[in-house]
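Before any comments, here is the structure.
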Protein chains: 2
Amino acid sequence: MPKVAIVGYGQTKFSKEDLKIEKVLMDSTKNLFDNTSNLSQDDIDAVLVSTNNNSKYLSAILSESTGIQPKIAHSIESLCNSGTNAIVSAYSYISSGLADVVLISGAERYDSPGQVLEWDQLRGEFKHPIFWASIFSKSYKRKFSITDEDLALVSVKNHKQSIKNPNALFQKAITVEDVINSRKLTDDLRLLDCSSPCTGGASILLSSETICKNFTDQPIWISGIGQKTTSASFTKNPAFDEMESTKQAARCAFNMSKRNPEQIDVMEVHDAFSVCEPMAIESLGFANHGKGLEVVKDSFLSENPKINPRGGLIGSGHPLGATGIAQTIEIVQQIQSKADKRQVDKADIGLIHNMSAGATSSTVLILEK
Amino acid sequence: MPKVAIVGYGQTKFSKEDLKIEKVLMDSTKNLFDNTSNLSQDDIDAVLVSTNNNSKYLSAILSESTGIQPKIAHSIESLCNSGTNAIVSAYSYISSGLADVVLISGAERYDSPGQVLEWDQLRGEFKHPIFWASIFSKSYKRKFSITDEDLALVSVKNHKQSIKNPNALFQKAITVEDVINSRKLTDDLRLLDCSSPCTGGASILLSSETICKNFTDQPIWISGIGQKTTSASFTKNPAFDEMESTKQAARCAFNMSKRNPEQIDVMEVHDAFSVCEPMAIESLGFANHGKGLEVVKDSFLSENPKINPRGGLIGSGHPLGATGIAQTIEIVQQIQSKADKRQVDKADIGLIHNMSAGATSSTVLILEK
């Protein structure tokens, strides 16, 4: 299969600002052009927009606003993992030969309609993601005798990291006490256990092997791809203390890349809520079931926190359609040794985990030099 | 490049019914399963939904409702050509090796939000497609001394054809007088010059060459793909009497398939309004500029009307996200000699033309045995 590289990226600061979706898309795309040497509008064969915004024809609008006349142009939506779905789609356009260069721009507003899970009638009144996260938290805590204070460490770690990320929504260290004393939203979740919806954009440029050197001397290769949708309804999850779709996606990505968990130097995992980080670490194969928090603790104490170095969703904010792309950009910057204060030692191989709707679907990507 | 075949299809009747989008998706998918021998849920690697509906996570919802657990699952939107964008995306997933079998389901409700063009501020009050269609009609009529009666023939022909299409919204023959006497919407457009938004679904199954024979003994190959987005704003069109994006998409599709217009036996063109049919015929290369209506007349008088045999958008109705898929199904059925009363003689090679927003973007596909 022809190789596909990531050759450019751009971002906006994540905020609570009331910006039009078109502006967010354009700002991160402009930043990508500013960052990418030799890229001209004519190079771009496809423009994909990743968002949950209700506006239509956004790929054509972004193309016109930025002077691109692409062959392929459409939006992609799959709630919180729209971004990595768009990356896999771009990979396939290039790998199939239909495109040489694909621009993906992910954007969301703080009031995204993707935050309410309208379809799942079994949820009754409980249509907000905090309800599935509460069920995960209660199940995980009960099964492994874990306390609220244990889980709070995820948020403390990710807030600590996000201070080193200039694009992050949160720029303030917090303590376990701050988490425990923050507003209680459900029996098992406090405000600081949750990622925050926000306004933000992240754009990324993918290219075929033949021309990638036109744009960068540090192409980063997508060596592993795994995706799985087990259901749409949370109550169809086979268990509430692990992520089945993540397990299957990880298996597929490791197979394709011929890598194993021991070889991963740095990773972004989808910490939509504090409990998600240890659960994801386990389901990805980095810890035994129930032992994910030990890896979180190691990362917290380390000089080189290899898990969620940009602060994860909890520290960076969660603009749904941009999140998977922002996660991927972080791993690209780490492998390129361009992650500034967040830089992890010897980050040669990295992993991205991005999921939707209580881990009913997951994407896992593996990137390397 | 590995070959990709269309190996199954399903549809609902197009109507003005007030059905949930999930039901429309499921009904045409169920019809596809009923039509496709040996297809089991486990065969399907990817589920793509094509729609302008505002509901999120529809690919996961459709997957769960139909018992599929796909690897890849997301929605695709590009207004009226969402359907062919989804087909090209599916092609790339298979051609790249990420999937062997892809199910695409397109669906729309009669009240689709894709019918109002919110983004184009230059339109001022004129956000409905009838306004760009009026500009096309006025320009085309003036430049080539064409009358309202001449254009009305498109609608007469397509209503005549749709009687032979059991899924079509309209099942009644009309005359040129009926068109002229129908409600005047703008100076240049009457109600019967327009396609009608409606509720409908169309699903299609694509497969790799290696396993296509599991599902059908008549695989139909996608031999040509062309896509182009020139702008989002109608006023950026270089001319109002031709379709620039269609010209470029056609050139690319003919190049890829190594075919030329003389070899096309049957075609579906995007007659969102009566004027669009002759303009598309010209921009696709089937007639000189200003001579498209002669081809329409030939098709009207022929025993084997090779243009829009299912009745086009005007006769069949236009459920946005389903339209490009329904067009493609028609050409597949024609090439398989399964188009019943609509069957065109010796239909070995067919073409699909699907566009959005005043031909600011177009897709052209070429299919063959």
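Going through the structure tokens in order, the chains are called A, B, and so on, while each chain numbers its residues from 1 and the ligands are numbered from 1 in the order shown.
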
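Residues within 9 Å of region 140-143 of chain B, counting only C-alpha atoms and excluding same-chain residues fewer than 3 positions away, are B:Ile135, B:Phe136, B:Ser137, B:Ile146, B:Thr147, B:Asp148, B:Leu151, B:Phe240, B:Asp241, B:Glu242, B:Val275, B:Met279, B:Gly290.
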
Keeping only N, CA, C and O atoms, write the selected residues as a PDB file, in the first residue's frame.
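That gives us out-v3.pdb:
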ATOM      1  N   ILE B 135     -31.264  32.626 -12.392  1.00  0.00           N
ATOM      2  CA  ILE B 135     -30.148  33.306 -13.083  1.00  0.00           C
ATOM      3  C   ILE B 135     -29.623  32.426 -14.220  1.00  0.00           C
ATOM      4  O   ILE B 135     -29.392  32.889 -15.335  1.00  0.00           O
ATOM      5  N   PHE B 136     -29.453  31.119 -13.936  1.00  0.00           N
ATOM      6  CA  PHE B 136     -29.069  30.180 -15.008  1.00  0.00           C
ATOM      7  C   PHE B 136     -30.080  30.261 -16.164  1.00  0.00           C
ATOM      8  O   PHE B 136     -29.702  30.359 -17.338  1.00  0.00           O
ATOM      9  N   SER B 137     -31.364  30.185 -15.845  1.00  0.00           N
ATOM     10  CA  SER B 137     -32.410  30.145 -16.887  1.00  0.00           C
ATOM     11  C   SER B 137     -32.378  31.414 -17.726  1.00  0.00           C
ATOM     12  O   SER B 137     -32.399  31.359 -18.966  1.00  0.00           O
ATOM     13  N   ILE B 146     -33.643  30.832 -26.389  1.00  0.00           N
ATOM     14  CA  ILE B 146     -34.445  29.668 -26.000  1.00  0.00           C
ATOM     15  C   ILE B 146     -35.667  30.172 -25.230  1.00  0.00           C
ATOM     16  O   ILE B 146     -35.586  31.160 -24.498  1.00  0.00           O
ATOM     17  N   THR B 147     -36.805  29.511 -25.406  1.00  0.00           N
ATOM     18  CA  THR B 147     -38.042  29.965 -24.754  1.00  0.00           C
ATOM     19  C   THR B 147     -38.355  29.124 -23.510  1.00  0.00           C
ATOM     20  O   THR B 147     -37.794  28.029 -23.320  1.00  0.00           O
ATOM     21  N   ASP B 148     -39.272  29.640 -22.714  1.00  0.00           N
ATOM     22  CA  ASP B 148     -39.755  28.871 -21.561  1.00  0.00           C
ATOM     23  C   ASP B 148     -40.350  27.539 -22.021  1.00  0.00           C
ATOM     24  O   ASP B 148     -40.200  26.514 -21.345  1.00  0.00           O
ATOM     25  N   LEU B 151     -37.653  24.946 -22.645  1.00  0.00           N
ATOM     26  CA  LEU B 151     -37.132  24.352 -21.393  1.00  0.00           C
ATOM     27  C   LEU B 151     -38.163  23.434 -20.734  1.00  0.00           C
ATOM     28  O   LEU B 151     -37.792  22.443 -20.082  1.00  0.00           O
ATOM     29  N   PHE B 240     -22.747  31.931 -16.355  1.00  0.00           N
ATOM     30  CA  PHE B 240     -24.041  31.470 -15.866  1.00  0.00           C
ATOM     31  C   PHE B 240     -24.797  30.653 -16.908  1.00  0.00           C
ATOM     32  O   PHE B 240     -25.979  30.369 -16.753  1.00  0.00           O
ATOM     33  N   ASP B 241     -24.148  30.311 -18.028  1.00  0.00           N
ATOM     34  CA  ASP B 241     -24.822  29.474 -19.016  1.00  0.00           C
ATOM     35  C   ASP B 241     -24.069  28.169 -19.252  1.00  0.00           C
ATOM     36  O   ASP B 241     -24.332  27.457 -20.217  1.00  0.00           O
ATOM     37  N   GLU B 242     -23.115  27.876 -18.371  1.00  0.00           N
ATOM     38  CA  GLU B 242     -22.456  26.574 -18.431  1.00  0.00           C
ATOM     39  C   GLU B 242     -21.989  26.201 -17.023  1.00  0.00           C
ATOM     40  O   GLU B 242     -22.020  27.038 -16.117  1.00  0.00           O
ATOM     41  N   VAL B 275     -33.560  23.916 -16.692  1.00  0.00           N
ATOM     42  CA  VAL B 275     -32.398  24.426 -17.431  1.00  0.00           C
ATOM     43  C   VAL B 275     -31.126  23.610 -17.173  1.00  0.00           C
ATOM     44  O   VAL B 275     -30.208  23.588 -18.005  1.00  0.00           O
ATOM     45  N   MET B 279     -27.860  22.268 -19.901  1.00  0.00           N
ATOM     46  CA  MET B 279     -26.545  22.804 -19.521  1.00  0.00           C
ATOM     47  C   MET B 279     -25.583  21.688 -19.133  1.00  0.00           C
ATOM     48  O   MET B 279     -24.404  21.700 -19.500  1.00  0.00           O
ATOM     49  N   GLY B 290     -25.087  25.466 -26.096  1.00  0.00           N
ATOM     50  CA  GLY B 290     -26.360  25.969 -26.613  1.00  0.00           C
ATOM     51  C   GLY B 290     -27.182  24.922 -27.354  1.00  0.00           C
ATOM     52  O   GLY B 290     -28.307  25.199 -27.771  1.00  0.00           O
TER      53      GLY B 290
END

Nearby residues (only C-alpha atoms) at most 6 Å from Phe170 (chain A), same-chain spacing under 2 positions excluded, as a list in words: Ala168, Lys172 and Gly315 of chain A

Shell around Asn181 (chain B) at 12 Å using only C-alpha atoms, local window under 2 positions removed, as a count of residues only: 17

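Straight-line separation from CA of Asn214 (chain B) to CA of Gly350 (chain B): 23.7 Å.
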
Counting only C-alpha atoms, which residues from chain B have an atom at most 7 Å from any atom of chain A, and could you show them as number ranges by chain? B: 1, 54, 56-57, 60-61, 63-64, 69-79, 92-93, 95-96, 114, 227-232

With N, CA, C and O atoms retained, write the just-selected residues as a CSV table (one decimal), in the first residue's frame.
chain,number,residue,atom,x,y,z
B,1,MET,N,-4.3,0.4,-9.9
B,1,MET,CA,-5.2,0.6,-8.8
B,1,MET,C,-6.2,-0.5,-8.7
B,1,MET,O,-6.8,-0.9,-9.7
B,54,ASN,N,-29.6,17.1,10.3
B,54,ASN,CA,-28.8,17.6,11.4
B,54,ASN,C,-28.5,16.5,12.4
B,54,ASN,O,-27.7,16.8,13.3
B,56,LYS,N,-26.8,13.6,14.4
B,56,LYS,CA,-25.4,13.1,14.5
B,56,LYS,C,-25.3,11.6,14.6
B,56,LYS,O,-26.2,11.0,15.1
B,57,TYR,N,-24.1,11.1,14.4
B,57,TYR,CA,-23.7,9.7,14.6
B,57,TYR,C,-24.7,8.7,13.9
B,57,TYR,O,-24.9,7.6,14.4
B,60,ALA,N,-23.3,5.1,13.0
B,60,ALA,CA,-23.3,4.2,14.1
B,60,ALA,C,-24.8,3.7,14.4
B,60,ALA,O,-25.0,2.6,14.8
B,61,ILE,N,-25.7,4.7,14.4
B,61,ILE,CA,-27.1,4.3,14.6
B,61,ILE,C,-27.6,3.3,13.6
B,61,ILE,O,-28.2,2.3,13.9
B,63,SER,N,-25.8,1.3,11.8
B,63,SER,CA,-25.1,0.1,12.0
B,63,SER,C,-25.7,-0.7,13.1
B,63,SER,O,-26.0,-1.9,13.0
B,64,GLU,N,-26.0,-0.1,14.2
B,64,GLU,CA,-26.6,-0.8,15.3
B,64,GLU,C,-28.0,-1.3,15.0
B,64,GLU,O,-28.3,-2.5,15.2
B,69,GLN,N,-21.3,-4.2,12.8
B,69,GLN,CA,-20.3,-3.6,13.6
B,69,GLN,C,-19.1,-3.3,12.8
B,69,GLN,O,-18.1,-4.0,12.7
B,70,PRO,N,-19.2,-2.1,12.1
B,70,PRO,CA,-18.2,-1.8,11.1
B,70,PRO,C,-16.9,-1.3,11.7
B,70,PRO,O,-16.8,-0.9,12.9
B,71,LYS,N,-15.8,-1.4,10.9
B,71,LYS,CA,-14.6,-0.7,11.3
B,71,LYS,C,-14.8,0.8,11.1
B,71,LYS,O,-14.7,1.6,12.0
B,72,ILE,N,-15.1,1.2,9.9
B,72,ILE,CA,-15.2,2.6,9.5
B,72,ILE,C,-16.7,3.0,9.5
B,72,ILE,O,-17.5,2.2,9.0
B,73,ALA,N,-17.0,4.1,10.2
B,73,ALA,CA,-18.4,4.6,10.2
B,73,ALA,C,-18.5,6.1,10.4
B,73,ALA,O,-18.0,6.6,11.4
B,74,HIS,N,-19.0,6.8,9.4
B,74,HIS,CA,-19.2,8.2,9.6
B,74,HIS,C,-20.2,8.8,8.5
B,74,HIS,O,-20.5,8.1,7.6
B,75,SER,N,-20.6,10.0,8.7
B,75,SER,CA,-21.5,10.7,7.8
B,75,SER,C,-20.7,11.5,6.8
B,75,SER,O,-19.6,12.0,7.2
B,76,ILE,N,-21.2,11.8,5.7
B,76,ILE,CA,-20.6,12.6,4.7
B,76,ILE,C,-21.7,13.6,4.2
B,76,ILE,O,-22.8,13.2,3.9
B,77,GLU,N,-21.3,14.9,4.1
B,77,GLU,CA,-22.2,15.9,3.6
B,77,GLU,C,-21.5,16.9,2.6
B,77,GLU,O,-20.4,17.3,2.9
B,78,SER,N,-22.2,17.1,1.5
B,78,SER,CA,-21.8,18.1,0.6
B,78,SER,C,-23.0,18.5,-0.2
B,78,SER,O,-23.1,18.5,-1.4
B,79,LEU,N,-24.1,18.9,0.5
B,79,LEU,CA,-25.4,19.3,0.0
B,79,LEU,C,-25.9,18.2,-1.0
B,79,LEU,O,-25.9,17.1,-0.6
B,92,SER,N,-12.4,4.8,-2.4
B,92,SER,CA,-11.1,5.0,-1.9
B,92,SER,C,-10.8,4.1,-0.7
B,92,SER,O,-9.7,3.6,-0.5
B,93,TYR,N,-11.8,3.9,0.2
B,93,TYR,CA,-11.5,2.9,1.3
B,93,TYR,C,-11.2,1.5,0.8
B,93,TYR,O,-10.4,0.8,1.3
B,95,SER,N,-10.2,0.7,-2.5
B,95,SER,CA,-9.0,0.8,-3.3
B,95,SER,C,-7.7,0.8,-2.5
B,95,SER,O,-6.7,0.3,-2.9
B,96,SER,N,-7.8,1.5,-1.3
B,96,SER,CA,-6.6,1.6,-0.5
B,96,SER,C,-6.4,0.4,0.3
B,96,SER,O,-5.3,0.3,1.0
B,114,GLY,N,-30.6,21.3,4.0
B,114,GLY,CA,-29.7,21.6,2.9
B,114,GLY,C,-30.4,22.4,1.8
B,114,GLY,O,-29.7,22.7,0.8
B,227,GLN,N,-14.1,14.8,-9.9
B,227,GLN,CA,-14.8,15.7,-9.0
B,227,GLN,C,-14.1,17.1,-9.0
B,227,GLN,O,-12.9,17.2,-9.2
B,228,LYS,N,-14.9,18.1,-8.8
B,228,LYS,CA,-14.4,19.5,-8.8
B,228,LYS,C,-15.3,20.4,-8.0
B,228,LYS,O,-16.5,20.4,-8.2
B,229,THR,N,-14.6,21.2,-7.1
B,229,THR,CA,-15.3,22.3,-6.5
B,229,THR,C,-14.7,23.6,-6.9
B,229,THR,O,-13.5,23.8,-6.7
B,230,THR,N,-15.4,24.5,-7.6
B,230,THR,CA,-14.8,25.7,-8.1
B,230,THR,C,-15.0,26.8,-7.0
B,230,THR,O,-14.2,27.8,-6.9
B,231,SER,N,-16.1,26.8,-6.3
B,231,SER,CA,-16.4,27.8,-5.2
B,231,SER,C,-17.5,27.3,-4.4
B,231,SER,O,-18.0,26.2,-4.6
B,232,ALA,N,-18.0,28.1,-3.4
B,232,ALA,CA,-19.2,27.8,-2.7
B,232,ALA,C,-20.3,28.8,-3.1
B,232,ALA,O,-21.4,28.5,-3.1

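Note that the spacing between CA of Ser299 (chain A) and CA of Asn158 (chain A) amounts to 10.1 Å.
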
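For the atom pair formed by CA of Met243 (chain B) and CA of Ile222 (chain B), the distance is 23.2 Å, given to one decimal.
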
Restricting the calculation to only C-alpha atoms, which member of B:His318, B:Arg109, B:Lys127, B:Arg259 is positioned closest to Ile349 (chain B)? B:Arg259

Just the strand (DSSP E) stuff from region 56-189 of chain A, please, per backbone DSSP, written as a list in words.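 Across region 56-189 of chain A, those assigned strand (DSSP E) are Ile72, Ala73, His74, Ser75, Ile76, Glu77, Val101, Val102, Leu103, Ile104, Ser105, Gly106, Ala107, Glu108, Lys184, Leu185, Thr186 and Leu189 of chain A.
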
Please dump the current selection as a compact mmCIF listing (two decimals), in the first residue's frame; keep all heavy atoms.
# COMPACT_ATOMS: atom_id res chain seq x y z
N ILE A 72 -11.86 16.92 -4.52
CA ILE A 72 -12.75 16.30 -3.52
C ILE A 72 -12.99 17.30 -2.39
O ILE A 72 -12.04 17.93 -1.91
CB ILE A 72 -12.07 15.03 -2.96
CG1 ILE A 72 -11.84 14.01 -4.08
CG2 ILE A 72 -12.87 14.43 -1.81
CD1 ILE A 72 -10.74 13.00 -3.79
N ALA A 73 -14.24 17.44 -1.97
CA ALA A 73 -14.56 18.36 -0.87
C ALA A 73 -15.86 17.92 -0.21
O ALA A 73 -16.91 17.90 -0.85
CB ALA A 73 -14.71 19.79 -1.38
N HIS A 74 -15.79 17.54 1.07
CA HIS A 74 -17.01 17.22 1.82
C HIS A 74 -16.73 17.26 3.31
O HIS A 74 -15.58 17.30 3.74
CB HIS A 74 -17.58 15.87 1.39
CG HIS A 74 -16.68 14.68 1.60
ND1 HIS A 74 -16.47 14.11 2.83
CD2 HIS A 74 -15.91 13.97 0.73
CE1 HIS A 74 -15.64 13.08 2.71
NE2 HIS A 74 -15.27 12.98 1.45
N SER A 75 -17.80 17.27 4.08
CA SER A 75 -17.68 17.22 5.53
C SER A 75 -17.79 15.78 6.02
O SER A 75 -18.38 14.93 5.34
CB SER A 75 -18.80 18.04 6.20
OG SER A 75 -18.63 19.40 5.95
N ILE A 76 -17.22 15.54 7.18
CA ILE A 76 -17.26 14.23 7.82
C ILE A 76 -17.70 14.41 9.27
O ILE A 76 -17.21 15.30 9.95
CB ILE A 76 -15.86 13.56 7.75
CG1 ILE A 76 -15.61 13.07 6.32
CG2 ILE A 76 -15.74 12.42 8.76
CD1 ILE A 76 -14.29 12.38 6.10
N GLU A 77 -18.64 13.55 9.71
CA GLU A 77 -19.11 13.66 11.10
C GLU A 77 -19.24 12.29 11.72
O GLU A 77 -19.79 11.36 11.11
CB GLU A 77 -20.45 14.39 11.14
CG GLU A 77 -21.06 14.54 12.52
CD GLU A 77 -21.90 13.33 12.96
OE1 GLU A 77 -22.64 12.80 12.12
OE2 GLU A 77 -21.78 12.91 14.11
N VAL A 101 -2.50 15.33 -2.22
CA VAL A 101 -2.40 16.18 -1.03
C VAL A 101 -3.82 16.47 -0.53
O VAL A 101 -4.68 16.91 -1.29
CB VAL A 101 -1.69 17.51 -1.37
CG1 VAL A 101 -1.61 18.40 -0.14
CG2 VAL A 101 -0.30 17.24 -1.92
N VAL A 102 -4.05 16.20 0.75
CA VAL A 102 -5.37 16.44 1.36
C VAL A 102 -5.23 17.37 2.56
O VAL A 102 -4.38 17.14 3.43
CB VAL A 102 -6.04 15.12 1.82
CG1 VAL A 102 -7.42 15.39 2.40
CG2 VAL A 102 -6.13 14.12 0.66
N LEU A 103 -6.04 18.42 2.57
CA LEU A 103 -6.15 19.31 3.73
C LEU A 103 -7.37 18.90 4.53
O LEU A 103 -8.47 18.77 3.97
CB LEU A 103 -6.33 20.76 3.25
CG LEU A 103 -6.73 21.77 4.33
CD1 LEU A 103 -5.58 22.05 5.28
CD2 LEU A 103 -7.22 23.08 3.69
N ILE A 104 -7.19 18.71 5.84
CA ILE A 104 -8.33 18.45 6.73
C ILE A 104 -8.41 19.59 7.72
O ILE A 104 -7.40 19.95 8.34
CB ILE A 104 -8.15 17.14 7.53
CG1 ILE A 104 -7.86 15.98 6.59
CG2 ILE A 104 -9.38 16.86 8.37
CD1 ILE A 104 -7.35 14.75 7.34
N SER A 105 -9.59 20.15 7.88
CA SER A 105 -9.76 21.18 8.89
C SER A 105 -10.91 20.78 9.81
O SER A 105 -12.03 20.54 9.36
CB SER A 105 -10.03 22.54 8.24
OG SER A 105 -9.91 23.56 9.22
N GLY A 106 -10.60 20.70 11.10
CA GLY A 106 -11.61 20.36 12.10
C GLY A 106 -11.95 21.59 12.90
O GLY A 106 -11.05 22.36 13.26
N ALA A 107 -13.22 21.80 13.18
CA ALA A 107 -13.61 22.98 13.95
C ALA A 107 -14.90 22.70 14.70
O ALA A 107 -15.72 21.88 14.29
CB ALA A 107 -13.81 24.17 13.03
N GLU A 108 -15.05 23.41 15.82
CA GLU A 108 -16.29 23.29 16.58
C GLU A 108 -16.50 24.58 17.36
O GLU A 108 -15.53 25.30 17.63
CB GLU A 108 -16.18 22.11 17.56
CG GLU A 108 -17.47 21.42 17.89
CD GLU A 108 -18.05 20.57 16.75
OE1 GLU A 108 -17.30 19.76 16.18
OE2 GLU A 108 -19.24 20.71 16.44
N LYS A 184 -20.38 19.21 42.11
CA LYS A 184 -20.76 17.82 41.90
C LYS A 184 -21.87 17.77 40.85
O LYS A 184 -22.93 18.38 41.05
CB LYS A 184 -21.25 17.23 43.22
CG LYS A 184 -20.95 15.76 43.35
CD LYS A 184 -21.16 15.23 44.75
CE LYS A 184 -21.07 13.72 44.70
NZ LYS A 184 -21.29 13.08 45.99
N LEU A 185 -21.64 17.08 39.75
CA LEU A 185 -22.64 17.05 38.68
C LEU A 185 -23.52 15.81 38.77
O LEU A 185 -24.70 15.85 38.46
CB LEU A 185 -21.94 17.08 37.32
CG LEU A 185 -21.04 18.30 37.08
CD1 LEU A 185 -20.32 18.15 35.74
CD2 LEU A 185 -21.83 19.60 37.09
N THR A 186 -22.91 14.70 39.17
CA THR A 186 -23.66 13.46 39.42
C THR A 186 -23.01 12.82 40.64
O THR A 186 -22.01 13.33 41.17
CB THR A 186 -23.56 12.47 38.23
OG1 THR A 186 -22.22 11.94 38.18
CG2 THR A 186 -23.88 13.15 36.90
N LEU A 189 -19.33 12.19 39.45
CA LEU A 189 -18.56 13.12 38.60
C LEU A 189 -18.66 14.54 39.11
O LEU A 189 -19.75 15.04 39.39
CB LEU A 189 -19.10 13.10 37.17
CG LEU A 189 -18.62 12.01 36.24
CD1 LEU A 189 -19.23 12.24 34.86
CD2 LEU A 189 -17.10 11.97 36.14

Applying 7 Å and only C-alpha atoms, which residues near region 323-328 of chain B remain after dropping the ones on its own chain fewer than 2 positions away? List them as a list of chain:residue names. B:Asn81, B:Gly83, B:Thr84, B:Gly106, B:Ala202, B:Ser203, B:Ile204, B:Glu268, B:His318, B:Pro319, B:Leu320, B:Gly321, B:Glu330, B:Ile331, B:Val332, B:Ile352, B:Asn354

Resulting file, chosen residues, N, CA and C atoms, as an mmCIF file, in the first residue's frame:
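Listing of selection-v4.cif after writing:
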data_model
loop_
_atom_site.group_PDB
_atom_site.id
_atom_site.type_symbol
_atom_site.label_atom_id
_atom_site.label_comp_id
_atom_site.auth_asym_id
_atom_site.auth_seq_id
_atom_site.Cartn_x
_atom_site.Cartn_y
_atom_site.Cartn_z
ATOM 1 N N ASN B 81 -24.719 16.835 -3.741
ATOM 2 C CA ASN B 81 -23.901 15.722 -4.235
ATOM 3 C C ASN B 81 -23.219 14.935 -3.103
ATOM 4 N N GLY B 83 -24.249 12.187 -1.980
ATOM 5 C CA GLY B 83 -24.323 10.771 -2.331
ATOM 6 C C GLY B 83 -23.146 10.291 -3.158
ATOM 7 N N THR B 84 -22.798 11.036 -4.211
ATOM 8 C CA THR B 84 -21.653 10.600 -5.015
ATOM 9 C C THR B 84 -20.335 10.859 -4.286
ATOM 10 N N GLY B 106 -27.902 6.650 1.803
ATOM 11 C CA GLY B 106 -28.250 8.068 1.694
ATOM 12 C C GLY B 106 -29.708 8.251 2.047
ATOM 13 N N ALA B 202 -31.706 5.756 -0.417
ATOM 14 C CA ALA B 202 -31.091 4.883 -1.418
ATOM 15 C C ALA B 202 -29.781 4.365 -0.838
ATOM 16 N N SER B 203 -29.583 3.065 -0.928
ATOM 17 C CA SER B 203 -28.380 2.431 -0.377
ATOM 18 C C SER B 203 -27.664 1.644 -1.448
ATOM 19 N N ILE B 204 -26.360 1.568 -1.327
ATOM 20 C CA ILE B 204 -25.577 0.890 -2.352
ATOM 21 C C ILE B 204 -24.410 0.163 -1.676
ATOM 22 N N GLU B 268 -27.430 9.575 -16.138
ATOM 23 C CA GLU B 268 -28.248 10.350 -15.210
ATOM 24 C C GLU B 268 -27.578 11.705 -15.048
ATOM 25 N N HIS B 318 -36.277 14.830 -5.201
ATOM 26 C CA HIS B 318 -34.874 15.112 -4.874
ATOM 27 C C HIS B 318 -34.647 15.098 -3.360
ATOM 28 N N PRO B 319 -34.473 13.886 -2.802
ATOM 29 C CA PRO B 319 -34.064 13.782 -1.399
ATOM 30 C C PRO B 319 -32.537 13.911 -1.361
ATOM 31 N N LEU B 320 -32.049 15.079 -1.029
ATOM 32 C CA LEU B 320 -30.668 15.496 -1.316
ATOM 33 C C LEU B 320 -29.605 14.402 -1.127
ATOM 34 N N GLY B 321 -29.494 13.893 0.092
ATOM 35 C CA GLY B 321 -28.423 12.936 0.382
ATOM 36 C C GLY B 321 -28.590 11.599 -0.309
ATOM 37 N N GLU B 330 -29.702 3.614 -10.704
ATOM 38 C CA GLU B 330 -30.363 3.546 -12.018
ATOM 39 C C GLU B 330 -29.380 3.077 -13.094
ATOM 40 N N ILE B 331 -28.173 3.648 -13.073
ATOM 41 C CA ILE B 331 -27.191 3.271 -14.108
ATOM 42 C C ILE B 331 -26.733 1.822 -13.913
ATOM 43 N N VAL B 332 -26.604 1.403 -12.668
ATOM 44 C CA VAL B 332 -26.248 0.001 -12.407
ATOM 45 C C VAL B 332 -27.332 -0.920 -12.970
ATOM 46 N N ILE B 352 -22.906 9.105 -14.504
ATOM 47 C CA ILE B 352 -23.701 9.816 -13.495
ATOM 48 C C ILE B 352 -23.121 11.210 -13.303
ATOM 49 N N ASN B 354 -23.763 14.507 -10.826
ATOM 50 C CA ASN B 354 -24.404 14.936 -9.570
ATOM 51 C C ASN B 354 -23.694 16.205 -9.114
#

List as a ChimeraX atom specification the protein and nucleic acid residues near Lys306 (chain B), meaning an atom at most 9 Å away when only C-alpha atoms are counted, but skip any in the same chain fewer than 3 places from it. /B:265-268,299,302,309,343-345,347

Write the residues you've just listed into a file as a short mmCIF file (atom, residue, chain, number, x, y, z; two decimals), in the first residue's frame, and include C-alpha atoms for each of them.
data_model
loop_
_atom_site.label_atom_id
_atom_site.label_comp_id
_atom_site.auth_asym_id
_atom_site.auth_seq_id
_atom_site.Cartn_x
_atom_site.Cartn_y
_atom_site.Cartn_z
CA ASP B 265 -24.96 4.52 -23.63
CA VAL B 266 -27.03 5.90 -20.77
CA MET B 267 -26.72 8.72 -18.25
CA GLU B 268 -28.25 10.35 -15.21
CA SER B 299 -34.25 11.50 -25.87
CA SER B 302 -36.71 8.05 -28.60
CA PRO B 309 -34.40 7.16 -17.72
CA GLN B 343 -34.45 -0.30 -20.01
CA VAL B 344 -32.23 1.37 -22.63
CA ASP B 345 -30.92 -0.81 -25.48
CA ALA B 347 -26.58 -0.05 -22.05
#

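Every protein, DNA or RNA residue with an atom at most 8 Å from Asn165 (chain B), where only C-alpha atoms count and chain neighbours fewer than 3 positions away do not, is listed here: Gln161, Ser162, Ala168, Arg310, Gly311, Ser316 and Arg342 of chain B.
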
Got time to write the residues from that selection, C-alpha atoms, as a compact mmCIF listing (two decimals), in the first residue's frame?
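Saved the output as selection-v6.txt:
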# COMPACT_ATOMS: atom_id res chain seq x y z
CA GLN B 161 -40.09 8.71 -17.63
CA SER B 162 -40.87 8.74 -13.92
CA ALA B 168 -40.52 8.07 -8.18
CA ARG B 310 -35.67 7.03 -14.11
CA GLY B 311 -37.20 10.49 -14.54
CA SER B 316 -38.27 11.17 -9.22
CA ARG B 342 -37.05 1.99 -18.44

Give the alpha helix (DSSP H) residues of region 65-313 of chain A, as assigned by DSSP on the backbone, as a PyMOL selection string. chain A and resi 65+82-95+129-144+148-162+176-181+244-257+276-283+292-301+312-313
